[in-house]
file run-v1.cif (mmCIF, C-alpha atoms and all ligand atoms)
data_structure
#
loop_
_atom_site.label_atom_id
_atom_site.label_comp_id
_atom_site.auth_asym_id
_atom_site.auth_seq_id
_atom_site.Cartn_x
_atom_site.Cartn_y
_atom_site.Cartn_z
CA MET A 1401 86.72 -2.49 68.00
CA SER A 1402 85.47 -2.30 71.60
CA ALA A 1403 82.65 -4.60 72.76
CA LEU A 1404 79.18 -3.07 72.80
CA LEU A 1405 77.50 -6.28 73.93
CA GLU A 1406 79.15 -9.03 75.98
CA VAL A 1407 77.22 -12.19 76.72
CA ASP A 1408 78.90 -14.42 79.26
CA LYS A 1409 77.73 -17.97 79.98
CA VAL A 1410 74.01 -17.15 79.82
CA GLU A 1411 71.61 -19.87 80.95
CA ALA A 1412 67.84 -19.74 80.39
CA GLY A 1413 64.87 -22.04 79.91
CA TYR A 1414 61.18 -22.69 80.33
CA GLY A 1415 60.02 -24.50 83.47
CA ASP A 1416 62.04 -27.70 83.81
CA VAL A 1417 63.48 -27.39 80.33
CA GLN A 1418 66.86 -25.69 80.08
CA VAL A 1419 67.44 -24.18 76.62
CA LEU A 1420 70.57 -22.01 76.91
CA TRP A 1421 73.61 -23.76 78.35
CA GLY A 1422 76.23 -21.10 78.89
CA ALA A 1423 75.85 -19.08 75.69
CA ASP A 1424 78.76 -16.68 75.04
CA MET A 1425 79.00 -13.97 72.40
CA THR A 1426 80.16 -10.43 71.72
CA VAL A 1427 79.06 -7.67 69.37
CA ALA A 1428 81.50 -4.80 68.80
CA LYS A 1429 80.47 -1.22 68.09
CA GLY A 1430 79.42 -0.89 64.45
CA GLU A 1431 79.59 -4.64 63.89
CA THR A 1432 77.00 -6.91 62.25
CA VAL A 1433 76.84 -10.35 63.82
CA LEU A 1434 74.78 -13.27 62.54
CA LEU A 1435 73.37 -15.84 64.95
CA MET A 1436 72.71 -19.05 63.04
CA GLY A 1437 71.26 -22.38 64.07
CA VAL A 1438 68.57 -24.86 63.10
CA ASN A 1439 64.98 -24.75 64.45
CA GLY A 1440 64.95 -25.00 68.22
CA ALA A 1441 68.68 -24.22 68.66
CA GLY A 1442 67.80 -21.40 71.09
CA LYS A 1443 68.25 -18.26 68.96
CA THR A 1444 64.96 -16.60 69.94
CA THR A 1445 65.45 -17.54 73.57
CA LEU A 1446 68.86 -15.86 73.55
CA LEU A 1447 67.57 -12.65 71.93
CA ARG A 1448 64.65 -12.50 74.37
CA SER A 1449 67.10 -13.03 77.25
CA LEU A 1450 69.29 -10.18 75.99
CA VAL A 1451 66.40 -7.73 75.91
CA GLY A 1452 65.02 -8.95 79.25
CA LEU A 1453 61.84 -10.68 78.01
CA GLN A 1454 63.15 -14.07 79.15
CA PRO A 1455 64.70 -14.35 82.62
CA CYS A 1456 68.30 -15.54 82.78
CA ARG A 1457 69.11 -18.34 85.21
CA GLY A 1458 72.82 -17.66 85.13
CA GLY A 1459 75.58 -15.73 83.43
CA ALA A 1460 75.87 -12.02 82.66
CA ILE A 1461 74.90 -9.58 79.90
CA CYS A 1462 76.89 -6.34 79.59
CA LEU A 1463 76.01 -3.41 77.36
CA ASN A 1464 78.65 -0.70 76.96
CA GLY A 1465 80.58 -2.28 79.83
CA LYS A 1466 77.64 -2.15 82.30
CA ASP A 1467 75.96 -5.31 83.58
CA ILE A 1468 72.30 -5.07 82.50
CA SER A 1469 71.32 -8.62 83.53
CA ALA A 1470 69.09 -7.43 86.38
CA LEU A 1471 67.37 -4.65 84.43
CA LYS A 1472 63.80 -4.80 83.09
CA PRO A 1473 63.26 -4.60 79.29
CA ASP A 1474 62.33 -0.87 79.30
CA ALA A 1475 65.54 -0.01 81.21
CA ARG A 1476 67.62 -2.04 78.74
CA ILE A 1477 65.95 -0.25 75.83
CA ARG A 1478 66.75 3.12 77.40
CA ARG A 1479 70.41 2.04 77.49
CA GLY A 1480 70.49 1.64 73.73
CA MET A 1481 69.06 -1.73 72.74
CA ALA A 1482 66.04 -2.42 70.51
CA TYR A 1483 64.43 -5.73 69.54
CA MET A 1484 62.39 -6.77 66.54
CA SER A 1485 60.51 -9.98 67.16
CA GLU A 1486 59.25 -12.24 64.38
CA LEU A 1487 55.81 -10.62 64.79
CA GLY A 1488 57.02 -7.05 64.55
CA VAL A 1489 54.02 -4.71 64.05
CA PHE A 1490 50.51 -3.91 65.27
CA PRO A 1491 48.26 -4.65 62.25
CA THR A 1492 45.28 -2.49 63.29
CA LEU A 1493 47.40 0.62 63.86
CA SER A 1494 48.52 2.87 61.00
CA ILE A 1495 52.08 2.93 59.75
CA ALA A 1496 52.62 6.32 61.39
CA GLU A 1497 51.23 5.02 64.72
CA ASN A 1498 53.46 1.95 64.59
CA LEU A 1499 56.49 4.17 64.04
CA ARG A 1500 55.48 6.43 66.94
CA LEU A 1501 55.33 3.39 69.24
CA GLY A 1502 58.87 2.49 68.24
CA ALA A 1503 60.02 5.88 69.54
CA TYR A 1504 58.12 5.91 72.81
CA ALA A 1505 61.22 7.00 74.73
CA LEU A 1506 61.74 10.06 72.47
CA SER A 1507 60.05 13.48 72.59
CA GLY A 1508 57.38 14.33 69.98
CA SER A 1509 59.74 16.44 67.85
CA GLN A 1510 62.58 13.89 68.01
CA ALA A 1511 60.10 11.16 67.02
CA SER A 1512 58.78 13.06 63.98
CA GLN A 1513 62.35 13.81 62.90
CA ARG A 1514 63.19 10.12 63.05
CA ALA A 1515 59.94 9.18 61.29
CA ASP A 1516 60.96 11.47 58.40
CA GLN A 1517 64.30 9.62 58.21
CA MET A 1518 62.43 6.29 58.15
CA TYR A 1519 60.12 7.49 55.35
CA GLN A 1520 63.22 8.41 53.34
CA MET A 1521 64.73 4.99 53.93
CA PHE A 1522 61.41 3.17 53.28
CA PRO A 1523 59.54 5.05 50.51
CA ASP A 1524 56.78 2.39 50.34
CA LEU A 1525 55.87 3.22 53.94
CA ALA A 1526 55.87 6.95 53.26
CA LYS A 1527 53.23 6.52 50.57
CA LYS A 1528 50.90 4.65 52.94
CA ARG A 1529 51.62 6.33 56.27
CA ARG A 1530 47.92 6.73 57.23
CA ALA A 1531 46.99 3.17 56.16
CA ALA A 1532 46.63 0.30 58.64
CA ALA A 1533 49.67 -1.97 58.84
CA ALA A 1534 47.33 -4.86 57.97
CA SER A 1535 47.05 -3.42 54.44
CA LEU A 1536 50.78 -3.93 53.76
CA SER A 1537 52.31 -6.88 51.95
CA GLY A 1538 54.42 -9.35 53.95
CA GLY A 1539 57.64 -7.69 52.79
CA GLN A 1540 56.35 -4.20 53.54
CA ARG A 1541 55.22 -5.33 57.00
CA LYS A 1542 58.73 -6.61 57.68
CA MET A 1543 60.07 -3.20 56.54
CA LEU A 1544 57.66 -1.52 58.95
CA GLY A 1545 58.84 -3.81 61.78
CA LEU A 1546 62.40 -2.84 60.96
CA ALA A 1547 61.57 0.88 60.69
CA LYS A 1548 59.67 0.72 64.01
CA THR A 1549 62.72 -0.87 65.66
CA LEU A 1550 65.06 1.71 64.11
CA MET A 1551 62.85 4.56 65.39
CA SER A 1552 64.40 4.06 68.81
CA GLY A 1553 67.77 5.25 67.54
CA ALA A 1554 69.31 2.39 69.52
CA ASP A 1555 73.02 1.59 69.19
CA LEU A 1556 72.31 -2.14 69.05
CA ILE A 1557 69.41 -3.64 67.10
CA LEU A 1558 68.43 -7.27 67.68
CA LEU A 1559 66.51 -8.80 64.78
CA ASP A 1560 64.74 -12.13 65.09
CA GLU A 1561 64.31 -13.87 61.73
CA PRO A 1562 63.76 -10.81 59.55
CA SER A 1563 63.23 -13.14 56.57
CA SER A 1564 60.57 -15.39 58.12
CA GLY A 1565 57.49 -15.86 55.96
CA LEU A 1566 58.90 -13.79 53.10
CA ALA A 1567 59.16 -14.69 49.42
CA PRO A 1568 62.74 -14.56 48.04
CA VAL A 1569 62.14 -11.17 46.36
CA PHE A 1570 61.19 -9.63 49.73
CA VAL A 1571 64.16 -11.31 51.43
CA SER A 1572 66.43 -9.53 48.96
CA GLN A 1573 64.68 -6.23 49.75
CA VAL A 1574 65.21 -6.74 53.49
CA ILE A 1575 68.89 -7.53 52.90
CA GLU A 1576 69.33 -4.38 50.78
CA THR A 1577 67.63 -2.27 53.46
CA LEU A 1578 69.83 -3.78 56.17
CA LYS A 1579 72.89 -2.78 54.13
CA GLU A 1580 71.67 0.83 54.43
CA VAL A 1581 71.18 0.42 58.19
CA ILE A 1582 74.70 -1.02 58.51
CA GLY A 1583 75.96 2.03 56.62
CA THR A 1584 74.63 4.28 59.39
CA GLY A 1585 77.02 2.65 61.90
CA THR A 1586 74.29 0.84 63.87
CA SER A 1587 75.36 -2.50 65.39
CA LEU A 1588 73.18 -5.45 64.41
CA LEU A 1589 72.67 -8.88 65.90
CA ILE A 1590 70.56 -10.91 63.47
CA ALA A 1591 69.14 -14.35 64.29
CA GLU A 1592 68.47 -16.05 60.97
CA GLN A 1593 68.06 -19.43 59.34
CA ASN A 1594 68.51 -17.95 55.88
CA ILE A 1595 72.19 -18.32 54.96
CA ALA A 1596 71.90 -15.35 52.55
CA PHE A 1597 72.21 -13.05 55.58
CA LEU A 1598 75.78 -14.24 56.13
CA ALA A 1599 76.77 -11.88 53.30
CA LEU A 1600 75.88 -8.94 55.59
CA ALA A 1601 77.81 -10.12 58.62
CA ASP A 1602 81.28 -9.26 59.86
CA ARG A 1603 81.20 -12.31 62.13
CA GLY A 1604 78.78 -14.95 63.25
CA TYR A 1605 77.95 -17.82 65.57
CA LEU A 1606 76.42 -21.21 64.93
CA MET A 1607 74.26 -22.19 67.86
CA ASP A 1608 73.42 -25.80 68.66
CA HIS A 1609 71.38 -26.98 71.63
CA GLY A 1610 71.79 -23.66 73.46
CA ARG A 1611 75.57 -23.40 73.05
CA MET A 1612 77.82 -21.63 70.55
CA GLU A 1613 79.16 -24.53 68.52
CA VAL A 1614 81.21 -22.46 66.06
CA SER A 1615 82.17 -18.80 65.87
CA GLY A 1616 84.21 -16.91 63.33
CA THR A 1617 84.47 -14.27 60.67
CA ARG A 1618 82.15 -14.40 57.68
CA ALA A 1619 84.88 -16.06 55.59
CA GLU A 1620 85.55 -18.66 58.29
CA LEU A 1621 81.84 -19.49 58.57
CA GLU A 1622 81.42 -19.68 54.80
CA GLY A 1623 84.13 -22.34 54.81
CA SER A 1624 82.88 -24.13 57.92
CA ASP A 1625 81.88 -27.76 57.63
CA ALA A 1626 79.59 -27.44 60.68
CA VAL A 1627 77.71 -24.54 59.04
CA ARG A 1628 77.38 -26.49 55.80
CA LYS A 1629 76.02 -29.49 57.69
CA ALA A 1630 73.54 -27.39 59.69
CA TYR A 1631 72.21 -25.56 56.64
CA PHE A 1632 72.48 -28.04 53.80
CA GLY A 1633 72.75 -31.37 55.60
CA VAL A 1634 76.09 -32.07 53.88
CA SER A 1635 79.75 -31.74 54.80
CA ALA A 1636 82.78 -31.16 52.57
CA GLU A 1637 83.19 -34.94 52.39
CA GLY A 1638 79.61 -35.20 51.02
N1 LIG B 1701 57.45 -20.61 75.58
C1 LIG B 1701 58.10 -21.77 75.57
N2 LIG B 1701 57.80 -22.75 76.42
C2 LIG B 1701 58.48 -23.92 76.43
N3 LIG B 1701 59.51 -24.21 75.58
C3 LIG B 1701 59.84 -23.28 74.70
C4 LIG B 1701 59.16 -22.01 74.62
N4 LIG B 1701 59.74 -21.28 73.62
C5 LIG B 1701 60.71 -22.07 73.10
N5 LIG B 1701 60.76 -23.26 73.72
C6 LIG B 1701 61.72 -24.34 73.44
O1 LIG B 1701 63.03 -23.83 73.53
C7 LIG B 1701 63.86 -24.38 72.52
C8 LIG B 1701 64.55 -23.25 71.77
O2 LIG B 1701 63.55 -22.49 71.10
P1 LIG B 1701 63.89 -21.13 70.36
O3 LIG B 1701 62.61 -20.57 69.84
O4 LIG B 1701 64.73 -20.30 71.24
O5 LIG B 1701 64.79 -21.66 69.15
P2 LIG B 1701 65.16 -20.98 67.78
O6 LIG B 1701 66.58 -21.34 67.52
O7 LIG B 1701 64.81 -19.54 67.80
O8 LIG B 1701 64.21 -21.76 66.76
P3 LIG B 1701 63.45 -21.24 65.44
O9 LIG B 1701 64.53 -21.00 64.43
O10 LIG B 1701 62.60 -22.41 65.09
O11 LIG B 1701 62.68 -20.01 65.78
C9 LIG B 1701 62.97 -25.28 71.66
O12 LIG B 1701 63.18 -26.62 72.07
C10 LIG B 1701 61.59 -24.83 71.99
O13 LIG B 1701 60.67 -25.89 71.90
#
call {"tool": "encode", "arguments": {"input": "run-v1.cif", "output": "structure tokens"}}
result
Amino acid sequence: MSALLEVDKVEAGYGDVQVLWGADMTVAKGETVLLMGVNGAGKTTLLRSLVGLQPCRGGAICLNGKDISALKPDARIRRGMAYMSELGVFPTLSIAENLRLGAYALSGSQASQRADQMYQMFPDLAKKRRAAAASLSGGQRKMLGLAKTLMSGADLILLDEPSSGLAPVFVSQVIETLKEVIGTGTSLLIAEQNIAFLALADRGYLMDHGRMEVSGTRAELEGSDAVRKAYFGVSAEG
């Protein structure tokens, strides 16, 4: 598989505080990659750096073989990247309006075609399309955030903690929906603390203090002592 995203020694931070210390990763076309790490490891900072919301202090980010490090977020999005933050949606806007915003780079007819696809994928949203996003449950709001991100038709979707704030039943729903998204051939980079998402991934990275501590296939990470320690506070030795 050829690399869709190549992240090479990216450095970033806030004021005097450096958070990313030479973060490296790749995402191949059609691949699902999980970015793991405890609170404060730097996952959100890396995703924001990739989409251009956080300036990089060093390193390079390539999408489809082109260096996008100097591009503004809107230019990166036009090149096929979309980002779902933990916040996700605009609560006072309707579901239909939120979806339209996700497709701002598309024409009106392309956008309504994609919205129809989203309503097929997310029937709960179809039923409430004129309702304000604030009227949705936490799980449904997360679905709307995901649908809004998918509206772009981007090749690479970056998801920041899609499970945050959700009850386990909603987490399972999000995972099932992501399986459908993966089935469409979209590449996903998912930053998550919930180990259940590893089941979706082809490969993953464990980030620690702004560096990739461990990387490997899903099977390698499932058997990794470092992953076990980070998530459960225990190693194979106990
Ligand atoms: N706006 C900011 N200003 C200053 N420091 C920040 C800011 N945002 C994040 N940080 C710091 O950067 C470090 C990495 O934070 P980041 O949110 O990237 O981690 P994370 O792995 O996504 O954590 P979490 O899983 O808790 O969301 C933390 O030490 C955090 O305190």
call {"tool": "atom_distance", "arguments": {"input": "run-v1.cif", "atom1": "atom CA of Leu1550 of chain A", "atom2": "atom N4 of ligand LIG 1701 (chain B)"}}
result
25.4 Å
call {"tool": "residues_around", "arguments": {"input": "run-v1.cif", "residues": "segment 1448-1461 of chain A", "least_positions_apart": "2", "cutoff": "8 Å", "atoms": "only C-alpha atoms", "output": "list in words"}}
result
Leu1405, Glu1406, Val1407, Asp1408, Lys1409, Val1410, Glu1411, Ala1412, Gly1413, Gly1422, Thr1444, Thr1445, Leu1446, Leu1463, Asp1467, Ile1468, Ser1469, Leu1471, Lys1472, Pro1473, Arg1476, Ile1477, Met1481, Ala1482 and Tyr1483 of chain A
call {"tool": "atom_distance", "arguments": {"input": "run-v1.cif", "atom1": "atom CA of Leu1434 of chain A", "atom2": "atom O1 of ligand LIG 1701 (chain B)"}}
result
19.2 Å
call {"tool": "residues_near_ligand", "arguments": {"input": "run-v1.cif", "ligand": "ligand LIG 1701 (chain B)", "cutoff": "9 Å", "atoms": "only C-alpha atoms and all ligand atoms", "output": "number ranges by chain"}}
result
A: 1413-1415, 1417-1420, 1436-1448, 1486, 1560-1561, 1591-1593, 1607-1610
call {"tool": "atom_distance", "arguments": {"input": "run-v1.cif", "atom1": "atom CA of Asn1464 of chain A", "atom2": "atom CA of Leu1559 of chain A"}}
result
19.0 Å
call {"tool": "closest_residue", "arguments": {"input": "run-v1.cif", "among": "A:Ala1526, A:Leu1589, A:Ala1554, A:Met1543", "to": "Val1489 of chain A", "atoms": "only C-alpha atoms"}}
result
A:Met1543
call {"tool": "closest_residue", "arguments": {"input": "run-v1.cif", "among": "A:Ser1552, A:Met1518, A:Ala1547, A:Ala1596", "to": "Val1571 of chain A", "atoms": "all atoms listed in the file"}}
result
A:Ala1596
call {"tool": "closest_residue", "arguments": {"input": "run-v1.cif", "among": "A:Gln1520, A:Glu1622, A:Lys1629, A:Leu1404", "to": "Gly1430 of chain A", "atoms": "only C-alpha atoms"}}
result
A:Leu1404
call {"tool": "residues_around", "arguments": {"input": "run-v1.cif", "residues": "Leu1501 of chain A", "least_positions_apart": "2", "cutoff": "12 Å", "atoms": "all atoms listed in the file", "output": "CSV table (one decimal) with C-alpha atoms, in the frame of the given file"}}
result
chain,number,residue,atom,x,y,z
A,1488,GLY,CA,57.0,-7.0,64.6
A,1489,VAL,CA,54.0,-4.7,64.0
A,1490,PHE,CA,50.5,-3.9,65.3
A,1493,LEU,CA,47.4,0.6,63.9
A,1494,SER,CA,48.5,2.9,61.0
A,1495,ILE,CA,52.1,2.9,59.8
A,1496,ALA,CA,52.6,6.3,61.4
A,1497,GLU,CA,51.2,5.0,64.7
A,1498,ASN,CA,53.5,2.0,64.6
A,1499,LEU,CA,56.5,4.2,64.0
A,1503,ALA,CA,60.0,5.9,69.5
A,1504,TYR,CA,58.1,5.9,72.8
A,1505,ALA,CA,61.2,7.0,74.7
A,1506,LEU,CA,61.7,10.1,72.5
A,1507,SER,CA,60.0,13.5,72.6
A,1508,GLY,CA,57.4,14.3,70.0
A,1511,ALA,CA,60.1,11.2,67.0
A,1512,SER,CA,58.8,13.1,64.0
A,1515,ALA,CA,59.9,9.2,61.3
A,1544,LEU,CA,57.7,-1.5,59.0
A,1545,GLY,CA,58.8,-3.8,61.8
A,1547,ALA,CA,61.6,0.9,60.7
A,1548,LYS,CA,59.7,0.7,64.0
A,1549,THR,CA,62.7,-0.9,65.7
A,1550,LEU,CA,65.1,1.7,64.1
A,1551,MET,CA,62.8,4.6,65.4
A,1552,SER,CA,64.4,4.1,68.8
call {"tool": "closest_residue", "arguments": {"input": "run-v1.cif", "among": "A:Ala1619, A:Ala1470, A:Val1433, A:Ala1532", "to": "Ile1582 of chain A", "atoms": "only C-alpha atoms"}}
result
A:Val1433
call {"tool": "closest_residue", "arguments": {"input": "run-v1.cif", "among": "A:Ala1567, A:Leu1435, A:Leu1598, A:Phe1632", "to": "Glu1620 of chain A", "atoms": "only C-alpha atoms"}}
result
A:Leu1598
call {"tool": "closest_residue", "arguments": {"input": "run-v1.cif", "among": "A:Ala1403, A:Met1425, A:Ala1531, A:Leu1556", "to": "Arg1479 of chain A", "atoms": "all atoms listed in the file"}}
result
A:Leu1556
